[in-house]
$ cat model-v4.cif   # mmCIF, C-alpha atoms
data_coords
loop_
_atom_site.group_PDB
_atom_site.id
_atom_site.type_symbol
_atom_site.label_atom_id
_atom_site.label_comp_id
_atom_site.auth_asym_id
_atom_site.auth_seq_id
_atom_site.Cartn_x
_atom_site.Cartn_y
_atom_site.Cartn_z
ATOM 1 C CA MET X 189 104.531 13.604 -5.328
ATOM 2 C CA SER X 190 101.730 11.062 -5.112
ATOM 3 C CA PHE X 191 102.242 11.002 -1.353
ATOM 4 C CA LEU X 192 101.713 14.778 -1.196
ATOM 5 C CA LEU X 193 98.570 14.522 -3.287
ATOM 6 C CA ALA X 194 97.142 11.652 -1.257
ATOM 7 C CA ALA X 195 97.921 13.018 2.179
ATOM 8 C CA PRO X 196 98.277 16.790 2.054
ATOM 9 C CA ARG X 197 97.580 17.150 5.776
ATOM 10 C CA ALA X 198 100.552 15.004 6.677
ATOM 11 C CA ALA X 199 102.754 17.017 4.370
ATOM 12 C CA LEU X 200 101.095 20.345 5.297
ATOM 13 C CA ALA X 201 101.005 21.145 1.599
ATOM 14 C CA CYS X 202 98.654 24.062 2.186
ATOM 15 C CA ALA X 203 98.599 25.772 5.551
ATOM 16 C CA VAL X 204 95.070 27.062 4.977
ATOM 17 C CA CYS X 205 93.348 24.029 3.483
ATOM 18 C CA ALA X 206 95.143 21.164 5.198
ATOM 19 C CA GLY X 207 96.376 22.830 8.377
ATOM 20 C CA GLY X 208 94.381 24.824 10.896
ATOM 21 C CA ASN X 209 91.770 23.602 13.328
ATOM 22 C CA PRO X 210 89.058 21.020 12.539
ATOM 23 C CA ALA X 211 86.360 23.699 12.274
ATOM 24 C CA ASN X 212 88.402 25.534 9.661
ATOM 25 C CA ARG X 213 89.009 22.338 7.710
ATOM 26 C CA PHE X 214 85.286 21.565 7.842
ATOM 27 C CA ALA X 215 84.456 25.079 6.607
ATOM 28 C CA ILE X 216 86.907 24.693 3.710
ATOM 29 C CA PHE X 217 85.482 21.286 2.834
ATOM 30 C CA MET X 218 81.865 22.461 2.924
ATOM 31 C CA SER X 219 82.665 25.623 0.982
ATOM 32 C CA THR X 220 84.399 23.554 -1.674
ATOM 33 C CA ILE X 221 81.417 21.240 -1.957
ATOM 34 C CA VAL X 222 78.859 24.066 -2.083
ATOM 35 C CA LEU X 223 80.823 26.224 -4.525
ATOM 36 C CA SER X 224 81.397 23.223 -6.792
ATOM 37 C CA LEU X 225 77.822 21.993 -6.770
ATOM 38 C CA LEU X 226 76.034 25.357 -6.880
ATOM 39 C CA PRO X 227 76.857 26.175 -10.541
ATOM 40 C CA LEU X 228 75.920 22.644 -11.547
ATOM 41 C CA ALA X 229 72.619 22.952 -9.689
ATOM 42 C CA LEU X 230 71.953 26.321 -11.337
ATOM 43 C CA PHE X 231 72.743 24.916 -14.776
ATOM 44 C CA ALA X 232 70.526 21.897 -14.104
ATOM 45 C CA GLY X 233 67.702 24.177 -12.966
ATOM 46 C CA ALA X 234 68.066 26.363 -16.040
ATOM 47 C CA PHE X 235 68.131 23.299 -18.287
ATOM 48 C CA LEU X 236 64.974 21.834 -16.722
ATOM 49 C CA TRP X 237 63.235 25.203 -16.970
ATOM 50 C CA LEU X 238 64.144 25.492 -20.659
ATOM 51 C CA LEU X 239 62.907 21.930 -21.259
ATOM 52 C CA SER X 240 59.544 22.676 -19.677
ATOM 53 C CA ARG X 241 59.414 25.946 -21.600
ATOM 54 C CA MET X 242 60.130 24.105 -24.836
ATOM 55 C CA GLY X 243 57.303 21.661 -24.124
ATOM 56 C CA SER X 244 54.776 24.392 -23.451
ATOM 57 C CA ARG X 245 55.943 26.369 -26.495
ATOM 58 C CA ARG X 246 55.505 23.321 -28.714
ATOM 59 C CA ALA X 247 52.000 22.755 -27.374
ATOM 60 C CA GLU X 248 51.183 26.410 -28.085
ATOM 61 C CA GLU X 249 52.390 26.053 -31.663
ATOM 62 C CA PHE X 250 50.096 23.072 -32.289
ATOM 63 C CA ARG X 251 47.155 24.938 -30.784
ATOM 64 C CA GLU X 252 47.967 27.959 -32.927
ATOM 65 C CA ARG X 253 48.215 25.845 -36.092
ATOM 66 C CA ASP X 254 44.842 24.247 -35.398
ATOM 67 C CA VAL X 255 43.246 27.645 -34.905
ATOM 68 C CA LEU X 256 44.826 29.241 -37.980
ATOM 69 C CA ALA X 257 44.389 26.388 -40.451
ATOM 70 C CA PRO X 258 40.955 26.392 -42.138
ATOM 71 C CA PRO X 259 38.866 23.220 -41.893
ATOM 72 C CA ASP X 260 39.344 20.753 -44.800
ATOM 73 C CA SER X 261 35.736 21.178 -45.999
ATOM 74 C CA GLU X 262 36.238 24.922 -46.524
ATOM 75 C CA LYS X 263 39.592 24.784 -48.256
ATOM 76 C CA PRO X 264 38.521 24.537 -51.933
ATOM 77 C CA THR X 265 35.526 26.865 -51.702
ATOM 78 C CA ALA X 266 37.049 29.719 -49.736
ATOM 79 C CA ALA X 267 37.903 32.812 -51.726
ATOM 80 C CA PRO X 268 41.532 34.000 -51.712
ATOM 81 C CA ALA X 269 40.636 37.203 -49.854
ATOM 82 C CA GLU X 270 38.866 35.161 -47.219
ATOM 83 C CA GLN X 271 41.878 32.881 -46.870
ATOM 84 C CA GLU X 272 44.059 35.924 -46.434
ATOM 85 C CA LEU X 273 41.800 37.153 -43.644
ATOM 86 C CA ARG X 274 41.856 33.803 -41.892
ATOM 87 C CA ALA X 275 45.606 33.228 -42.030
ATOM 88 C CA PRO X 276 47.353 36.413 -43.119
ATOM 89 C CA ALA X 277 50.883 35.226 -42.397
ATOM 90 C CA LEU X 278 50.630 31.772 -43.943
ATOM 91 C CA ASN X 279 50.728 32.478 -47.661
ATOM 92 C CA ARG X 280 51.302 35.846 -49.180
ATOM 93 C CA THR X 281 51.909 36.682 -52.833
ATOM 94 C CA LEU X 282 53.835 39.710 -53.899
ATOM 95 C CA PRO X 283 52.133 41.834 -56.570
ATOM 96 C CA HIS X 284 53.422 41.666 -60.135
ATOM 97 C CA PRO X 285 55.869 44.359 -61.089
ATOM 98 C CA PRO X 286 54.694 46.479 -64.037
ATOM 99 C CA ALA X 287 55.476 44.783 -67.342
ATOM 100 C CA SER X 288 58.176 46.566 -69.262
ATOM 101 C CA MET Y 237 59.533 40.391 -71.166
ATOM 102 C CA VAL Y 238 57.759 38.032 -68.788
ATOM 103 C CA THR Y 239 58.536 38.363 -65.127
ATOM 104 C CA PRO Y 240 58.060 35.186 -63.145
ATOM 105 C CA GLU Y 241 55.552 35.461 -60.346
ATOM 106 C CA LEU Y 242 57.212 35.693 -57.004
ATOM 107 C CA HIS Y 243 55.805 33.712 -54.115
ATOM 108 C CA VAL Y 244 56.732 34.414 -50.569
ATOM 109 C CA VAL Y 245 55.574 31.637 -48.330
ATOM 110 C CA ARG Y 246 55.767 32.310 -44.680
ATOM 111 C CA GLY Y 247 55.229 29.988 -41.787
ATOM 112 C CA LEU Y 248 53.797 30.945 -38.444
ATOM 113 C CA PRO Y 249 55.249 34.127 -37.008
ATOM 114 C CA ARG Y 250 58.494 33.275 -35.259
ATOM 115 C CA ARG Y 251 58.495 33.854 -31.554
ATOM 116 C CA GLY Y 252 61.327 33.944 -29.074
ATOM 117 C CA PHE Y 253 62.032 30.775 -27.218
ATOM 118 C CA THR Y 254 61.705 32.616 -23.957
ATOM 119 C CA ASP Y 255 61.358 36.167 -22.774
ATOM 120 C CA HIS Y 256 64.662 37.965 -23.374
ATOM 121 C CA ALA Y 257 64.458 40.302 -20.377
ATOM 122 C CA LEU Y 258 63.683 37.432 -18.038
ATOM 123 C CA PHE Y 259 66.429 35.263 -19.472
ATOM 124 C CA GLY Y 260 68.994 38.073 -19.242
ATOM 125 C CA MET Y 261 68.015 38.753 -15.647
ATOM 126 C CA ALA Y 262 68.229 35.036 -14.846
ATOM 127 C CA VAL Y 263 71.811 34.944 -16.157
ATOM 128 C CA PHE Y 264 72.652 38.041 -14.114
ATOM 129 C CA VAL Y 265 71.098 36.562 -10.966
ATOM 130 C CA PHE Y 266 73.060 33.374 -11.629
ATOM 131 C CA THR Y 267 76.329 35.326 -11.391
ATOM 132 C CA GLU Y 268 75.110 37.164 -8.309
ATOM 133 C CA VAL Y 269 74.304 33.886 -6.554
ATOM 134 C CA MET Y 270 77.894 32.799 -7.145
ATOM 135 C CA LEU Y 271 79.199 36.154 -5.892
ATOM 136 C CA PHE Y 272 77.330 35.874 -2.604
ATOM 137 C CA ALA Y 273 78.230 32.187 -2.261
ATOM 138 C CA GLY Y 274 81.879 33.233 -2.581
ATOM 139 C CA PHE Y 275 81.371 35.911 0.094
ATOM 140 C CA MET Y 276 79.779 33.402 2.461
ATOM 141 C CA SER Y 277 82.538 30.887 1.835
ATOM 142 C CA ALA Y 278 85.294 33.425 2.555
ATOM 143 C CA TYR Y 279 83.479 34.602 5.669
ATOM 144 C CA LEU Y 280 82.992 31.103 7.097
ATOM 145 C CA ILE Y 281 86.601 30.093 6.454
ATOM 146 C CA THR Y 282 87.933 33.294 8.048
ATOM 147 C CA ARG Y 283 85.594 33.003 11.011
ATOM 148 C CA ASN Y 284 86.592 29.396 11.649
ATOM 149 C CA SER Y 285 90.301 30.105 11.324
ATOM 150 C CA VAL Y 286 90.458 32.283 14.450
ATOM 151 C CA PRO Y 287 90.788 30.747 17.937
ATOM 152 C CA PRO Y 288 87.426 29.926 19.541
ATOM 153 C CA GLY Y 289 85.828 32.794 21.453
ATOM 154 C CA THR Y 290 87.644 35.539 19.569
ATOM 155 C CA TRP Y 291 84.956 36.225 16.960
ATOM 156 C CA PRO Y 292 84.075 39.044 17.107
ATOM 157 C CA PRO Y 293 87.179 40.486 18.809
ATOM 158 C CA PRO Y 294 86.518 41.684 22.380
ATOM 159 C CA ASP Y 295 86.752 45.391 21.471
ATOM 160 C CA GLN Y 296 84.263 45.072 18.604
ATOM 161 C CA PRO Y 297 80.447 45.133 18.895
ATOM 162 C CA ARG Y 298 78.351 42.062 18.204
ATOM 163 C CA LEU Y 299 76.063 42.220 15.196
ATOM 164 C CA PRO Y 300 72.448 42.722 16.363
ATOM 165 C CA PHE Y 301 70.816 39.430 15.346
ATOM 166 C CA GLU Y 302 67.496 39.979 17.165
ATOM 167 C CA ARG Y 303 67.038 43.592 16.107
ATOM 168 C CA THR Y 304 67.662 42.686 12.461
ATOM 169 C CA ALA Y 305 64.815 40.162 12.621
ATOM 170 C CA LEU Y 306 62.415 43.077 12.057
ATOM 171 C CA ASN Y 307 64.261 44.097 8.880
ATOM 172 C CA THR Y 308 64.202 40.476 7.722
ATOM 173 C CA ALA Y 309 60.464 40.199 8.320
ATOM 174 C CA ALA Y 310 59.872 43.429 6.379
ATOM 175 C CA LEU Y 311 61.931 42.162 3.454
ATOM 176 C CA LEU Y 312 60.233 38.755 3.360
ATOM 177 C CA ALA Y 313 56.795 40.383 3.544
ATOM 178 C CA SER Y 314 57.835 42.643 0.684
ATOM 179 C CA GLY Y 315 58.719 39.581 -1.421
ATOM 180 C CA VAL Y 316 55.299 38.054 -0.721
ATOM 181 C CA LEU Y 317 53.552 41.304 -1.653
ATOM 182 C CA VAL Y 318 55.432 41.575 -4.942
ATOM 183 C CA GLY Y 319 54.309 37.997 -5.657
ATOM 184 C CA TRP Y 320 50.722 39.038 -4.967
ATOM 185 C CA ALA Y 321 51.151 42.021 -7.232
ATOM 186 C CA ASN Y 322 52.255 39.660 -9.982
ATOM 187 C CA ARG Y 323 49.209 37.439 -9.493
ATOM 188 C CA ALA Y 324 46.903 40.446 -9.629
ATOM 189 C CA PHE Y 325 48.734 41.779 -12.698
ATOM 190 C CA SER Y 326 48.339 38.478 -14.543
ATOM 191 C CA ARG Y 327 44.592 38.572 -13.720
ATOM 192 C CA ARG Y 328 44.537 42.130 -15.185
ATOM 193 C CA ASP Y 329 43.547 43.482 -11.780
ATOM 194 C CA THR Y 330 45.563 46.696 -12.074
ATOM 195 C CA ARG Y 331 44.286 48.261 -8.856
ATOM 196 C CA GLY Y 332 45.095 45.183 -6.796
ATOM 197 C CA ALA Y 333 48.530 44.902 -8.403
ATOM 198 C CA GLN Y 334 49.209 48.568 -7.752
ATOM 199 C CA ALA Y 335 48.227 48.320 -4.079
ATOM 200 C CA ALA Y 336 50.334 45.199 -3.465
ATOM 201 C CA LEU Y 337 53.320 46.587 -5.354
ATOM 202 C CA THR Y 338 53.137 49.902 -3.491
ATOM 203 C CA LEU Y 339 53.128 48.122 -0.144
ATOM 204 C CA GLY Y 340 55.940 45.833 -1.280
ATOM 205 C CA ILE Y 341 58.090 48.792 -2.313
ATOM 206 C CA VAL Y 342 57.363 50.587 0.978
ATOM 207 C CA LEU Y 343 58.423 47.516 2.980
ATOM 208 C CA GLY Y 344 61.542 47.118 0.834
ATOM 209 C CA GLY Y 345 62.358 50.780 1.443
ATOM 210 C CA LEU Y 346 61.787 50.232 5.177
ATOM 211 C CA PHE Y 347 64.320 47.395 5.093
ATOM 212 C CA VAL Y 348 66.934 49.621 3.472
ATOM 213 C CA LEU Y 349 66.243 52.451 5.939
ATOM 214 C CA LEU Y 350 66.489 50.139 8.966
ATOM 215 C CA GLN Y 351 69.723 48.706 7.613
ATOM 216 C CA GLY Y 352 71.063 52.243 7.226
ATOM 217 C CA ALA Y 353 70.134 53.027 10.848
ATOM 218 C CA GLU Y 354 71.887 49.834 11.950
ATOM 219 C CA TRP Y 355 75.019 50.823 10.008
ATOM 220 C CA ALA Y 356 75.042 54.238 11.691
ATOM 221 C CA SER Y 357 74.683 52.612 15.106
ATOM 222 C CA LEU Y 358 77.520 50.130 14.450
ATOM 223 C CA LEU Y 359 79.786 52.888 13.140
ATOM 224 C CA LYS Y 360 79.196 54.806 16.386
ATOM 225 C CA GLN Y 361 80.173 51.699 18.340
ATOM 226 C CA GLY Y 362 83.499 51.538 16.505
ATOM 227 C CA LEU Y 363 82.831 48.903 13.833
ATOM 228 C CA THR Y 364 84.408 50.274 10.665
ATOM 229 C CA LEU Y 365 85.669 48.796 7.416
ATOM 230 C CA SER Y 366 89.237 48.669 8.748
ATOM 231 C CA SER Y 367 88.650 48.095 12.473
ATOM 232 C CA SER Y 368 88.616 44.274 12.215
ATOM 233 C CA GLN Y 369 87.847 41.394 9.908
ATOM 234 C CA VAL Y 370 84.284 41.445 11.243
ATOM 235 C CA GLY Y 371 83.907 45.055 10.087
ATOM 236 C CA SER Y 372 85.481 44.343 6.710
ATOM 237 C CA PHE Y 373 83.173 41.430 6.008
ATOM 238 C CA PHE Y 374 80.135 43.211 7.414
ATOM 239 C CA TYR Y 375 80.452 46.304 5.270
ATOM 240 C CA VAL Y 376 81.471 44.474 2.102
ATOM 241 C CA VAL Y 377 78.818 41.733 2.206
ATOM 242 C CA ILE Y 378 75.958 43.681 3.759
ATOM 243 C CA GLY Y 379 76.916 46.689 1.646
ATOM 244 C CA ALA Y 380 76.801 44.600 -1.523
ATOM 245 C CA HIS Y 381 73.383 43.314 -0.522
ATOM 246 C CA ALA Y 382 72.161 46.826 0.294
ATOM 247 C CA LEU Y 383 73.379 48.012 -3.119
ATOM 248 C CA HIS Y 384 71.429 45.204 -4.763
ATOM 249 C CA ALA Y 385 68.364 46.043 -2.676
ATOM 250 C CA VAL Y 386 68.494 49.700 -3.748
ATOM 251 C CA CYS Y 387 68.903 48.760 -7.438
ATOM 252 C CA ALA Y 388 66.051 46.252 -7.220
ATOM 253 C CA LEU Y 389 63.856 48.845 -5.531
ATOM 254 C CA GLY Y 390 64.643 51.210 -8.397
ATOM 255 C CA LEU Y 391 63.504 48.534 -10.853
ATOM 256 C CA LEU Y 392 60.312 47.950 -8.878
ATOM 257 C CA LEU Y 393 59.650 51.697 -8.822
ATOM 258 C CA TRP Y 394 60.092 51.765 -12.590
ATOM 259 C CA CYS Y 395 57.527 48.968 -12.834
ATOM 260 C CA TRP Y 396 55.238 50.870 -10.477
ATOM 261 C CA THR Y 397 55.298 53.950 -12.707
ATOM 262 C CA GLY Y 398 54.552 51.678 -15.666
ATOM 263 C CA LEU Y 399 51.646 50.148 -13.779
ATOM 264 C CA VAL Y 400 50.214 53.565 -12.935
ATOM 265 C CA SER Y 401 50.495 54.756 -16.541
ATOM 266 C CA ARG Y 402 49.147 51.378 -17.820
ATOM 267 C CA ARG Y 403 52.292 50.757 -19.837
ATOM 268 C CA LEU Y 404 53.834 47.978 -17.764
ATOM 269 C CA THR Y 405 54.710 44.866 -19.745
ATOM 270 C CA ALA Y 406 54.799 41.380 -18.273
ATOM 271 C CA SER Y 407 58.377 41.058 -19.514
ATOM 272 C CA ARG Y 408 59.634 44.081 -17.594
ATOM 273 C CA PHE Y 409 57.720 43.132 -14.460
ATOM 274 C CA GLY Y 410 58.971 39.531 -14.604
ATOM 275 C CA ALA Y 411 62.620 40.594 -14.818
ATOM 276 C CA ALA Y 412 62.271 43.099 -11.968
ATOM 277 C CA GLN Y 413 60.518 40.512 -9.840
ATOM 278 C CA LEU Y 414 63.235 37.943 -10.402
ATOM 279 C CA PHE Y 415 65.870 40.398 -9.198
ATOM 280 C CA TRP Y 416 63.769 41.321 -6.156
ATOM 281 C CA TYR Y 417 63.198 37.659 -5.242
ATOM 282 C CA PHE Y 418 66.950 37.145 -5.382
ATOM 283 C CA VAL Y 419 67.492 40.094 -3.017
ATOM 284 C CA VAL Y 420 64.772 38.778 -0.688
ATOM 285 C CA LEU Y 421 65.897 35.155 -0.653
ATOM 286 C CA VAL Y 422 69.620 35.725 -0.296
ATOM 287 C CA TRP Y 423 69.108 37.919 2.773
ATOM 288 C CA PRO Y 424 67.999 35.222 5.283
ATOM 289 C CA VAL Y 425 71.118 33.223 4.352
ATOM 290 C CA ILE Y 426 73.378 36.237 4.964
ATOM 291 C CA TRP Y 427 71.532 37.046 8.172
ATOM 292 C CA MET Y 428 71.803 33.531 9.567
ATOM 293 C CA VAL Y 429 75.458 33.147 8.638
ATOM 294 C CA MET Y 430 76.832 36.575 9.520
ATOM 295 C CA TYR Y 431 74.683 37.844 12.376
ATOM 296 C CA ARG Y 432 74.342 34.631 14.381
#

$ encode --input "model-v4.cif" --output "structure tokens"
Amino acid sequence: MSFLLAAPRAALACAVCAGGNPANRFAIFMSTIVLSLLPLALFAGAFLWLLSRMGSRRAEEFRERDVLAPPDSEKPTAAPAEQELRAPALNRTLPHPPAS
Amino acid sequence: MVTPELHVVRGLPRRGFTDHALFGMAVFVFTEVMLFAGFMSAYLITRNSVPPGTWPPPDQPRLPFERTALNTAALLASGVLVGWANRAFSRRDTRGAQAALTLGIVLGGLFVLLQGAEWASLLKQGLTLSSSQVGSFFYVVIGAHALHAVCALGLLLWCWTGLVSRRLTASRFGAAQLFWYFVVLVWPVIWMVMYR
């Protein structure tokens, strides 16, 4: 068994892969390499793209936070309505339900 | 009865990690790349398994490598023009984007038409789906590519109508472009492998 696995050409285990002419064997070998590596290359490309995307997204979030957050000197003096205008999505209070 | 005050604290609005249309198209293109790689692999193995000098068989026509160079040039130029359209669109230059996209679609359509004329000519010369392995591979692989080209052209036309009516989104245009670039870039590989 190990002999067949180690030397399939000698055993002619597969008439297509191990037999045939040298050009055919070369085509099979190259196809195997390309078809094996292509998905890995695509996954690697997608992974690198997502990493770069993550980096740029994170940078955007910090920029956004700096723009939305009011300066420290204005925090205590700003009226609630003004705060709501500056950062509407940051802190919102639901109105009281009518007292029963 | 005293109702406790309810506070809803929200963070920054949550945004998608990446554009969904673009990501979906990327996954689709990923599978298509593997499909065409499989086609090329099967073709090369079959071609190399026949005795030298018998591909194509003597009674079958040769694929017109030189004549197809014009189609290839039209398709590559179309890809460049769609890229220009994207640059103009991102600069909010709608007129420039529209002109480049129109020309890109016309050149893509020219590619499909020239391919159709080539098919008709080869059919007249006796190359059919069942006449030989050359015919089988030619019509399956080139036909699959032509089908992709027609679908991608349909997507680009959809984007063109959106551009004219000022309703085109960057997401839609990005996904259509990705599919078109796949169609454009896979063609030279098919051409070099199958026609040469």

$ resolve_selection --input "model-v4.cif" --expression "the PyMOL selection byres ((chain Y and resi 421-430) around 9)" --output "NGL selection string"
:Y and (269 or 272 or 276 or 279-280 or 299 or 301 or 304-305 or 308 or 311-312 or 315 or 373-374 or 377-378 or 381 or 416-420 or 431-432)

$ atom_distance --input "model-v4.cif" --atom1 "atom CA of Tyr375 of chain Y" --atom2 "atom CA of Leu358 of chain Y"
10.4 Å

$ atom_distance --input "model-v4.cif" --atom1 "atom CA of Val263 of chain Y" --atom2 "atom CA of Met218 of chain X"
24.9 Å

$ resolve_selection --input "model-v4.cif" --expression "the PyMOL selection byres ((chain X and resi 216) around 9)" --output "number ranges by chain"
X: 204-205, 211-215, 217-221; Y: 277-278, 280-281

$ axis_aligned_box --input "model-v4.cif" --around "segment 216-231 of chain X" --padding-each-side "4 Å" --output "lines of an AutoDock Vina configuration file"
center_x = 79.4
center_y = 23.8
center_z = -5.5
size_x = 23.0
size_y = 13.1
size_z = 26.5

$ atom_distance --input "model-v4.cif" --atom1 "atom CA of Asn284 of chain Y" --atom2 "atom CA of Arg298 of chain Y"
16.5 Å

$ resolve_selection --input "model-v4.cif" --expression "the PyMOL selection byres ((chain Y and resi 293) around 12)" --output "list in words"
Arg283, Val286, Pro287, Pro288, Gly289, Thr290, Trp291, Pro292, Pro294, Asp295, Gln296, Pro297, Arg298, Leu299, Gly362, Leu363, Ser367, Ser368, Gln369, Val370 and Gly371 of chain Y

$ residues_around --input "model-v4.cif" --residues "Gln334 of chain Y" --least-positions-apart "3" --cutoff "8 Å" --atoms "only C-alpha atoms" --output "compact mmCIF listing (two decimals) with C-alpha atoms, in the frame of the given file"
# COMPACT_ATOMS: atom_id res chain seq x y z
CA ALA Y 321 51.15 42.02 -7.23
CA THR Y 330 45.56 46.70 -12.07
CA ARG Y 331 44.29 48.26 -8.86
CA LEU Y 337 53.32 46.59 -5.35
CA THR Y 338 53.14 49.90 -3.49
CA TRP Y 396 55.24 50.87 -10.48
CA LEU Y 399 51.65 50.15 -13.78
CA VAL Y 400 50.21 53.56 -12.94

$ closest_residue --input "model-v4.cif" --among "X:Met242, X:Leu225, X:Ala194, X:Ala232" --to "chain Y" --atoms "only C-alpha atoms"
X:Met242
